[in-house]
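A.B. asks: So I've got this file, entry_28.tsv, and it contains TSV, C-alpha atoms:
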```tsv
chain	number	residue	atom	x	y	z
A	1	MET	CA	57.43	87.47	-6.96
A	2	LEU	CA	55.07	89.01	-9.49
A	3	HIS	CA	55.15	87.72	-13.04
A	4	ARG	CA	54.24	89.84	-16.03
A	5	LEU	CA	51.88	88.13	-18.44
A	6	PRO	CA	52.61	88.38	-22.15
A	7	LEU	CA	50.50	90.91	-24.03
A	8	LYS	CA	48.61	88.20	-25.91
A	9	HIS	CA	47.59	86.61	-22.60
A	10	LEU	CA	46.34	89.94	-21.30
A	11	ALA	CA	44.31	90.40	-24.46
A	12	ALA	CA	42.83	86.95	-24.06
A	13	LEU	CA	41.87	87.71	-20.45
A	14	GLY	CA	40.25	90.95	-21.54
A	15	LEU	CA	38.25	89.16	-24.22
A	16	GLY	CA	37.20	86.51	-21.71
A	17	ALA	CA	36.03	89.15	-19.26
A	18	ALA	CA	34.01	90.84	-21.97
A	19	MET	CA	32.38	87.53	-22.90
A	20	LEU	CA	31.53	86.84	-19.26
A	21	ALA	CA	29.95	90.28	-18.93
A	22	ALA	CA	27.89	89.65	-22.04
A	23	CYS	CA	26.76	86.26	-20.70
A	24	ALA	CA	25.79	87.94	-17.43
A	25	GLY	CA	23.32	90.12	-19.30
A	26	GLY	CA	25.29	93.35	-19.45
A	27	GLY	CA	24.00	96.33	-21.36
A	28	LYS	CA	22.33	99.68	-20.94
A	29	GLU	CA	19.82	99.95	-18.15
A	30	LEU	CA	16.96	102.39	-17.68
A	31	PRO	CA	16.47	104.22	-14.37
A	32	PRO	CA	13.93	102.69	-11.98
A	33	ALA	CA	10.36	103.94	-12.15
A	34	SER	CA	9.85	106.58	-9.47
A	35	TYR	CA	6.66	107.16	-7.52
A	36	GLY	CA	8.25	109.29	-4.82
A	37	ASP	CA	6.02	112.36	-5.07
A	38	GLY	CA	2.85	110.42	-5.91
A	39	SER	CA	2.18	112.66	-8.89
A	40	VAL	CA	0.91	111.43	-12.23
A	41	ALA	CA	2.48	113.11	-15.24
A	42	PRO	CA	0.68	113.38	-18.56
A	43	SER	CA	1.98	111.38	-21.46
A	44	GLU	CA	2.50	112.68	-24.98
A	45	GLU	CA	-0.80	113.50	-26.65
A	46	TYR	CA	-2.70	110.48	-27.90
A	47	THR	CA	-3.12	110.00	-31.63
A	48	ILE	CA	-6.17	108.18	-32.95
A	49	GLY	CA	-5.74	104.65	-34.30
A	50	PRO	CA	-7.82	102.17	-36.31
A	51	LEU	CA	-10.84	100.73	-34.46
A	52	ASP	CA	-10.81	103.49	-31.82
A	53	GLU	CA	-14.31	104.39	-30.71
A	54	ILE	CA	-14.93	108.13	-30.59
A	55	THR	CA	-17.78	110.55	-30.02
A	56	ILE	CA	-18.10	113.69	-32.15
A	57	HIS	CA	-20.28	116.50	-30.79
A	58	VAL	CA	-21.27	119.48	-32.90
A	59	TRP	CA	-22.57	122.28	-30.64
A	60	ARG	CA	-26.21	123.17	-31.31
A	61	ASN	CA	-26.31	120.67	-34.18
A	62	PRO	CA	-27.12	117.28	-32.62
A	63	GLU	CA	-28.19	115.93	-36.01
A	64	LEU	CA	-24.59	116.35	-37.20
A	65	SER	CA	-23.08	114.72	-34.13
A	66	ALA	CA	-22.02	111.07	-33.95
A	67	ASP	CA	-22.06	109.01	-30.76
A	68	LYS	CA	-19.64	106.11	-30.37
A	69	VAL	CA	-18.51	105.90	-33.98
A	70	ARG	CA	-15.66	103.50	-34.67
A	71	VAL	CA	-12.70	104.38	-36.86
A	72	ARG	CA	-12.62	101.95	-39.78
A	73	PRO	CA	-9.64	99.65	-40.40
A	74	ASP	CA	-8.67	101.95	-43.28
A	75	GLY	CA	-8.25	104.78	-40.77
A	76	ARG	CA	-11.29	106.81	-41.83
A	77	LEU	CA	-14.74	107.53	-40.43
A	78	THR	CA	-17.99	109.06	-41.62
A	79	ILE	CA	-20.42	111.48	-39.96
A	80	PRO	CA	-23.47	113.31	-41.39
A	81	LEU	CA	-22.43	115.67	-44.22
A	82	VAL	CA	-18.79	114.55	-44.11
A	83	GLN	CA	-17.64	111.21	-45.48
A	84	ASP	CA	-14.27	109.43	-45.39
A	85	ILE	CA	-12.69	111.67	-42.76
A	86	PRO	CA	-8.99	110.74	-42.30
A	87	ALA	CA	-8.74	110.13	-38.56
A	88	VAL	CA	-5.73	107.89	-37.93
A	89	GLY	CA	-2.64	109.74	-36.76
A	90	LYS	CA	-4.56	112.83	-35.67
A	91	THR	CA	-4.96	113.97	-32.09
A	92	ALA	CA	-8.50	114.68	-30.87
A	93	THR	CA	-7.81	118.41	-31.27
A	94	GLN	CA	-6.54	117.98	-34.83
A	95	LEU	CA	-9.54	115.85	-35.76
A	96	GLN	CA	-12.08	118.29	-34.36
A	97	ASP	CA	-10.37	121.16	-36.21
A	98	TYR	CA	-10.49	119.14	-39.45
A	99	ILE	CA	-14.18	118.30	-39.01
A	100	ALA	CA	-15.01	121.90	-38.14
A	101	GLY	CA	-13.30	123.00	-41.36
A	102	GLU	CA	-15.36	120.56	-43.41
A	103	LEU	CA	-18.65	121.45	-41.70
A	104	ALA	CA	-17.97	125.16	-42.26
A	105	LYS	CA	-18.94	124.52	-45.89
A	106	TYR	CA	-22.51	123.85	-44.69
A	107	ILE	CA	-23.04	125.67	-41.37
A	108	GLU	CA	-21.70	128.89	-39.89
A	109	GLN	CA	-18.82	128.68	-37.40
A	110	PRO	CA	-19.29	125.06	-36.26
A	111	ILE	CA	-17.92	124.20	-32.81
A	112	VAL	CA	-16.79	120.58	-32.71
A	113	SER	CA	-15.51	118.45	-29.85
A	114	VAL	CA	-14.00	114.96	-30.15
A	115	ILE	CA	-13.79	112.45	-27.31
A	116	VAL	CA	-11.89	109.16	-27.60
A	117	ASN	CA	-14.12	106.70	-25.72
A	118	THR	CA	-12.23	103.45	-26.31
A	119	PRO	CA	-8.64	103.84	-27.45
A	120	GLU	CA	-7.29	100.74	-29.15
A	121	GLY	CA	-3.94	102.40	-29.77
A	122	ASN	CA	-2.21	102.75	-33.10
A	123	PHE	CA	0.97	100.81	-33.71
A	124	THR	CA	3.28	103.66	-32.73
A	125	GLN	CA	1.55	103.94	-29.36
A	126	GLN	CA	1.38	100.29	-28.43
A	127	VAL	CA	3.73	98.35	-26.17
A	128	ARG	CA	4.60	94.86	-27.43
A	129	ILE	CA	5.64	91.98	-25.20
A	130	ILE	CA	6.89	88.86	-26.99
A	131	GLY	CA	8.79	85.71	-26.10
A	132	ALA	CA	8.63	83.65	-22.92
A	133	THR	CA	5.36	84.89	-21.45
A	134	PRO	CA	1.96	83.16	-21.21
A	135	GLN	CA	0.18	85.74	-23.36
A	136	PRO	CA	2.36	87.70	-25.81
A	137	ALA	CA	0.43	90.83	-26.72
A	138	SER	CA	0.35	94.36	-28.08
A	139	LEU	CA	-1.02	96.67	-25.37
A	140	PRO	CA	-2.36	100.20	-25.79
A	141	PHE	CA	0.09	102.55	-24.09
A	142	ARG	CA	-1.24	104.40	-21.05
A	143	ALA	CA	0.29	107.40	-19.30
A	144	ASN	CA	2.80	106.35	-16.62
A	145	MET	CA	2.80	102.73	-17.81
A	146	THR	CA	5.60	100.60	-16.34
A	147	ALA	CA	7.18	97.26	-17.12
A	148	LEU	CA	5.26	95.80	-14.16
A	149	ASP	CA	1.94	96.99	-15.64
A	150	ALA	CA	2.79	95.36	-18.96
A	151	MET	CA	3.90	92.08	-17.39
A	152	ILE	CA	0.73	91.84	-15.29
A	153	ALA	CA	-1.31	92.32	-18.48
A	154	VAL	CA	0.43	89.40	-20.23
A	155	GLY	CA	0.42	87.05	-17.26
A	156	GLY	CA	4.03	87.49	-16.14
A	157	LEU	CA	6.85	85.16	-17.15
A	158	ASN	CA	6.44	81.54	-18.15
A	159	GLU	CA	8.40	78.75	-16.48
A	160	PHE	CA	11.13	78.77	-19.12
A	161	ALA	CA	11.71	82.53	-19.16
A	162	ALA	CA	15.15	84.02	-18.64
A	163	GLY	CA	13.63	87.21	-17.30
A	164	ASN	CA	16.88	88.94	-16.41
A	165	ARG	CA	18.09	88.59	-20.00
A	166	ALA	CA	15.04	90.39	-21.36
A	167	LYS	CA	15.56	93.33	-23.69
A	168	LEU	CA	13.58	96.51	-24.20
A	169	ILE	CA	13.83	97.97	-27.71
A	170	ARG	CA	13.04	101.69	-27.94
A	171	LEU	CA	13.05	104.05	-30.90
A	172	ASN	CA	15.10	107.20	-30.43
A	173	ARG	CA	12.83	109.64	-32.24
A	174	GLU	CA	15.53	112.29	-32.55
A	175	THR	CA	17.99	110.05	-34.41
A	176	GLY	CA	15.55	107.50	-35.88
A	177	THR	CA	17.62	104.64	-34.46
A	178	GLN	CA	16.66	101.83	-32.10
A	179	VAL	CA	18.25	101.60	-28.66
A	180	GLU	CA	18.44	98.34	-26.70
A	181	TYR	CA	18.18	98.23	-22.92
A	182	ARG	CA	18.50	95.40	-20.44
A	183	VAL	CA	15.49	94.83	-18.17
A	184	ARG	CA	15.58	92.58	-15.11
A	185	LEU	CA	12.12	91.07	-15.29
A	186	ALA	CA	12.93	88.04	-13.14
A	187	ASP	CA	14.09	90.29	-10.31
A	188	LEU	CA	10.95	92.37	-10.75
A	189	ILE	CA	8.39	89.56	-11.00
A	190	ARG	CA	9.90	86.78	-8.91
A	191	LYS	CA	11.80	88.76	-6.28
A	192	GLY	CA	9.66	91.87	-6.07
A	193	ASP	CA	12.65	94.13	-6.72
A	194	SER	CA	11.08	97.53	-7.35
A	195	SER	CA	14.39	98.91	-8.65
A	196	ALA	CA	13.92	96.62	-11.68
A	197	ASN	CA	10.67	98.36	-12.63
A	198	VAL	CA	11.08	100.91	-15.43
A	199	MET	CA	8.84	103.42	-17.16
A	200	LEU	CA	7.67	102.50	-20.65
A	201	MET	CA	7.17	104.69	-23.69
A	202	PRO	CA	4.86	104.37	-26.71
A	203	GLY	CA	6.29	101.95	-29.26
A	204	ASP	CA	8.46	100.00	-26.80
A	205	THR	CA	9.02	96.29	-27.48
A	206	ILE	CA	9.98	93.89	-24.68
A	207	ILE	CA	11.63	90.64	-25.83
A	208	ILE	CA	11.87	87.83	-23.27
A	209	PRO	CA	14.21	84.93	-24.15
A	210	GLU	CA	14.00	81.39	-22.80
A	211	SER	CA	16.61	79.89	-20.48
A	212	ARG	CA	19.47	77.98	-22.02
A	213	PHE	CA	19.76	74.45	-20.69
```
Could you quickly redo this structure as structure tokens?
C.D. replies:
Amino acid sequence: MLHRLPLKHLAALGLGAAMLAACAGGGKELPPASYGDGSVAPSEEYTIGPLDEITIHVWRNPELSADKVRVRPDGRLTIPLVQDIPAVGKTATQLQDYIAGELAKYIEQPIVSVIVNTPEGNFTQQVRIIGATPQPASLPFRANMTALDAMIAVGGLNEFAAGNRAKLIRLNRETGTQVEYRVRLADLIRKGDSSANVMLMPGDTIIIPESRF
């Protein structure tokens, strides 16, 4: 014979199930990284950050060009004729247009090209990995960067890591809110489960907790 449980007991069971799901590491998950077609898609356009090393070429005016100049910590740089150029936050195209506009005060129709030689990555385009890993770090984002790439760069998980309870925090740029995803780093690193590998985006933060004993 079947027995009906009182409503309060059903509610308690529902709460218990929810708590078990939370303990099991439930939460939103990102789709696995796909390499099916072998193609490499471009990322969003890179914006210059402090300490980036760039080369500025002014066509037919080598004396106005600057080879391997580093953006200062204050986000500015200096070339012949133009001082304190605001560089941080600009794309290479925006920076070359700005410099061309400034040089137009001195020469006729300057043609400027900007090449980012060594991108250090500004804060909005870095990926941060913190918590139970040998080398917590902020990494410059690269096109088609995955969780596996980031974990290799920081030395994987340490012996106390609860990799499958790791979280990825991502800014939703449309709403300005942060979204939290579950990432199964233990399955990825220790079991080689490729379905646990996910694509990263500029500004992502991966938080790896330690196991509870």
A.B. asks: Go through A:Ser211, A:Thr93, A:Ser34, A:Thr78 one by one, measure the shortest atom-to-atom distance of each to A:Ile48 using all atoms listed in the file, and give the residue with the smallest value.
C.D. replies: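 Looking at the shortest contact to A:Ile48, the residue is A:Thr93.
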A.B. asks: Show which residues sit within 10 Å of A:Val198, as a list in words. Count all atoms listed in the file, and ignore same-chain residues fewer than 2 positions away.
C.D. replies: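 Once the adjacent positions are removed, what remains is Glu29, Leu30, Pro31, Pro32, Ala33, Ser34, Asn144, Met145, Thr146, Ala147, Leu148, Asp149, Val183, Arg184, Leu185, Leu188, Ser194, Ser195, Ala196, Leu200 and Met201 of chain A.
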A.B. asks: Can you tell me how far atom CA of A:Ile169 sits from atom CA of A:Asp52, in Å to one decimal?
C.D. replies: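 Separation of atom CA of A:Ile169 and atom CA of A:Asp52: 25.6 Å.
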A.B. asks: Between atom CA of A:Phe160 and atom CA of A:Asp193, what distance in Å does the model show, to one decimal?
C.D. replies: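 Here the two named atoms are 19.8 Å from each other.
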A.B. asks: Calculate how many Å separate atom CA of A:Leu168 from atom CA of A:Gln135, rounding to one decimal.
C.D. replies: 17.2 Å
A.B. asks: With a distance cut-off of 10 Å and all atoms listed in the file, select the neighbouring residues of A:Ala150, excluding the residue or stretch itself and same-chain residues fewer than 5 positions from it, and output the selection as a ChimeraX atom specification.
C.D. replies: /A:127-129,137-141,145,155-156,200,206
A.B. asks: Find the residues near A:Ala166: any atom within 10 Å, counting all atoms listed in the file, skip ones fewer than 5 places away on the same chain, and give them as a count of residues only.
C.D. replies: 15
A.B. asks: Taking only C-alpha atoms into account, name the residue in A:Gly101, A:Gly163, A:Gly49, A:Pro80 that is nearest to A:Val116.
C.D. replies: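 When distances to A:Val116 are compared using only C-alpha atoms, the smallest one comes from A:Gly49.
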A.B. asks: Between A:Val71, A:Ala92, A:Val82, A:Val179, single out the one closest to A:Ile115, counting all atoms listed in the file.
C.D. replies: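 Closest to A:Ile115 of all the choices is A:Ala92.
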A.B. asks: Name the closest residue to A:Arg72 among the candidates A:Asp204, A:Asp97, A:Glu120, A:Glu45; distances are taken between atoms, counting all atoms listed in the file.
C.D. replies: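 Checking each of A:Asp204, A:Asp97, A:Glu120, A:Glu45 against A:Arg72, counting all atoms listed in the file, the winner is A:Glu120.
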A.B. asks: Kindly indicate which residue among A:Pro50, A:Pro62, A:Gly27, A:Pro202 lies nearest to A:Asn122, using only C-alpha atoms for the distances.
C.D. replies: A:Pro50
A.B. asks: Which residue gives the smallest distance to A:Lys68 among A:Thr118, A:Thr124, A:Ser113, A:Thr177, with all atoms listed in the file counted?
C.D. replies: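 Distance minimum relative to A:Lys68 lands on A:Thr118.
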A.B. asks: Would you list the contacts of A:Thr47 as a PyMOL selection string, taking every protein, DNA or RNA residue within 9 Å and counting only C-alpha atoms, but skipping same-chain residues closer than 5 positions in sequence?
C.D. replies: chain A and resi 87-92+121-122+125
A.B. asks: Can you spit out stretch 48-71 of chain A with N, CA and C atoms, as a PDB file, in the first residue's frame, from the structure just given?
C.D. replies:
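Final output, saved to part.pdb:
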```pdb
ATOM      1  N   ILE A  48      44.983  48.143 -26.437  1.00  0.00           N
ATOM      2  CA  ILE A  48      46.330  48.301 -25.882  1.00  0.00           C
ATOM      3  C   ILE A  48      46.262  48.507 -24.373  1.00  0.00           C
ATOM      4  N   GLY A  49      47.221  47.893 -23.666  1.00  0.00           N
ATOM      5  CA  GLY A  49      47.283  48.004 -22.218  1.00  0.00           C
ATOM      6  C   GLY A  49      48.620  48.556 -21.755  1.00  0.00           C
ATOM      7  N   PRO A  50      48.738  48.897 -20.479  1.00  0.00           N
ATOM      8  CA  PRO A  50      50.013  49.374 -19.933  1.00  0.00           C
ATOM      9  C   PRO A  50      51.110  48.340 -20.123  1.00  0.00           C
ATOM     10  N   LEU A  51      52.308  48.811 -20.429  1.00  0.00           N
ATOM     11  CA  LEU A  51      53.516  48.011 -20.608  1.00  0.00           C
ATOM     12  C   LEU A  51      53.537  47.218 -21.906  1.00  0.00           C
ATOM     13  N   ASP A  52      52.517  47.355 -22.762  1.00  0.00           N
ATOM     14  CA  ASP A  52      52.593  46.753 -24.096  1.00  0.00           C
ATOM     15  C   ASP A  52      53.745  47.380 -24.863  1.00  0.00           C
ATOM     16  N   GLU A  53      54.419  46.576 -25.650  1.00  0.00           N
ATOM     17  CA  GLU A  53      55.486  47.083 -26.509  1.00  0.00           C
ATOM     18  C   GLU A  53      54.953  47.198 -27.929  1.00  0.00           C
ATOM     19  N   ILE A  54      55.050  48.376 -28.503  1.00  0.00           N
ATOM     20  CA  ILE A  54      54.493  48.598 -29.834  1.00  0.00           C
ATOM     21  C   ILE A  54      55.513  49.292 -30.736  1.00  0.00           C
ATOM     22  N   THR A  55      55.312  49.131 -32.020  1.00  0.00           N
ATOM     23  CA  THR A  55      56.116  49.822 -33.025  1.00  0.00           C
ATOM     24  C   THR A  55      55.203  50.750 -33.817  1.00  0.00           C
ATOM     25  N   ILE A  56      55.652  51.990 -33.982  1.00  0.00           N
ATOM     26  CA  ILE A  56      54.885  53.000 -34.721  1.00  0.00           C
ATOM     27  C   ILE A  56      55.694  53.400 -35.944  1.00  0.00           C
ATOM     28  N   HIS A  57      55.123  53.188 -37.126  1.00  0.00           N
ATOM     29  CA  HIS A  57      55.816  53.498 -38.378  1.00  0.00           C
ATOM     30  C   HIS A  57      55.085  54.622 -39.094  1.00  0.00           C
ATOM     31  N   VAL A  58      55.822  55.662 -39.414  1.00  0.00           N
ATOM     32  CA  VAL A  58      55.265  56.785 -40.172  1.00  0.00           C
ATOM     33  C   VAL A  58      55.868  56.724 -41.582  1.00  0.00           C
ATOM     34  N   TRP A  59      55.028  56.466 -42.574  1.00  0.00           N
ATOM     35  CA  TRP A  59      55.487  56.242 -43.948  1.00  0.00           C
ATOM     36  C   TRP A  59      56.256  57.460 -44.486  1.00  0.00           C
ATOM     37  N   ARG A  60      57.450  57.168 -44.995  1.00  0.00           N
ATOM     38  CA  ARG A  60      58.339  58.169 -45.573  1.00  0.00           C
ATOM     39  C   ARG A  60      58.871  59.171 -44.541  1.00  0.00           C
ATOM     40  N   ASN A  61      58.676  58.879 -43.282  1.00  0.00           N
ATOM     41  CA  ASN A  61      59.202  59.744 -42.212  1.00  0.00           C
ATOM     42  C   ASN A  61      59.804  58.872 -41.116  1.00  0.00           C
ATOM     43  N   PRO A  62      60.912  58.182 -41.428  1.00  0.00           N
ATOM     44  CA  PRO A  62      61.494  57.282 -40.427  1.00  0.00           C
ATOM     45  C   PRO A  62      61.939  58.004 -39.158  1.00  0.00           C
ATOM     46  N   GLU A  63      62.271  59.291 -39.277  1.00  0.00           N
ATOM     47  CA  GLU A  63      62.700  60.035 -38.092  1.00  0.00           C
ATOM     48  C   GLU A  63      61.552  60.269 -37.105  1.00  0.00           C
ATOM     49  N   LEU A  64      60.323  60.091 -37.575  1.00  0.00           N
ATOM     50  CA  LEU A  64      59.162  60.256 -36.695  1.00  0.00           C
ATOM     51  C   LEU A  64      58.630  58.915 -36.191  1.00  0.00           C
ATOM     52  N   SER A  65      59.208  57.839 -36.688  1.00  0.00           N
ATOM     53  CA  SER A  65      58.764  56.510 -36.286  1.00  0.00           C
ATOM     54  C   SER A  65      59.386  56.130 -34.939  1.00  0.00           C
ATOM     55  N   ALA A  66      58.844  55.109 -34.313  1.00  0.00           N
ATOM     56  CA  ALA A  66      59.351  54.637 -33.017  1.00  0.00           C
ATOM     57  C   ALA A  66      59.306  53.121 -33.010  1.00  0.00           C
ATOM     58  N   ASP A  67      60.467  52.508 -32.816  1.00  0.00           N
ATOM     59  CA  ASP A  67      60.556  51.047 -32.833  1.00  0.00           C
ATOM     60  C   ASP A  67      60.575  50.499 -31.404  1.00  0.00           C
ATOM     61  N   LYS A  68      59.674  49.596 -31.125  1.00  0.00           N
ATOM     62  CA  LYS A  68      59.613  48.913 -29.829  1.00  0.00           C
ATOM     63  C   LYS A  68      59.551  49.893 -28.661  1.00  0.00           C
ATOM     64  N   VAL A  69      58.563  50.773 -28.718  1.00  0.00           N
ATOM     65  CA  VAL A  69      58.337  51.697 -27.609  1.00  0.00           C
ATOM     66  C   VAL A  69      57.328  51.065 -26.655  1.00  0.00           C
ATOM     67  N   ARG A  70      57.569  51.219 -25.370  1.00  0.00           N
ATOM     68  CA  ARG A  70      56.692  50.590 -24.377  1.00  0.00           C
ATOM     69  C   ARG A  70      55.713  51.598 -23.797  1.00  0.00           C
ATOM     70  N   VAL A  71      54.455  51.192 -23.709  1.00  0.00           N
ATOM     71  CA  VAL A  71      53.441  52.043 -23.097  1.00  0.00           C
ATOM     72  C   VAL A  71      53.766  52.188 -21.613  1.00  0.00           C
TER      73      VAL A  71
END
```
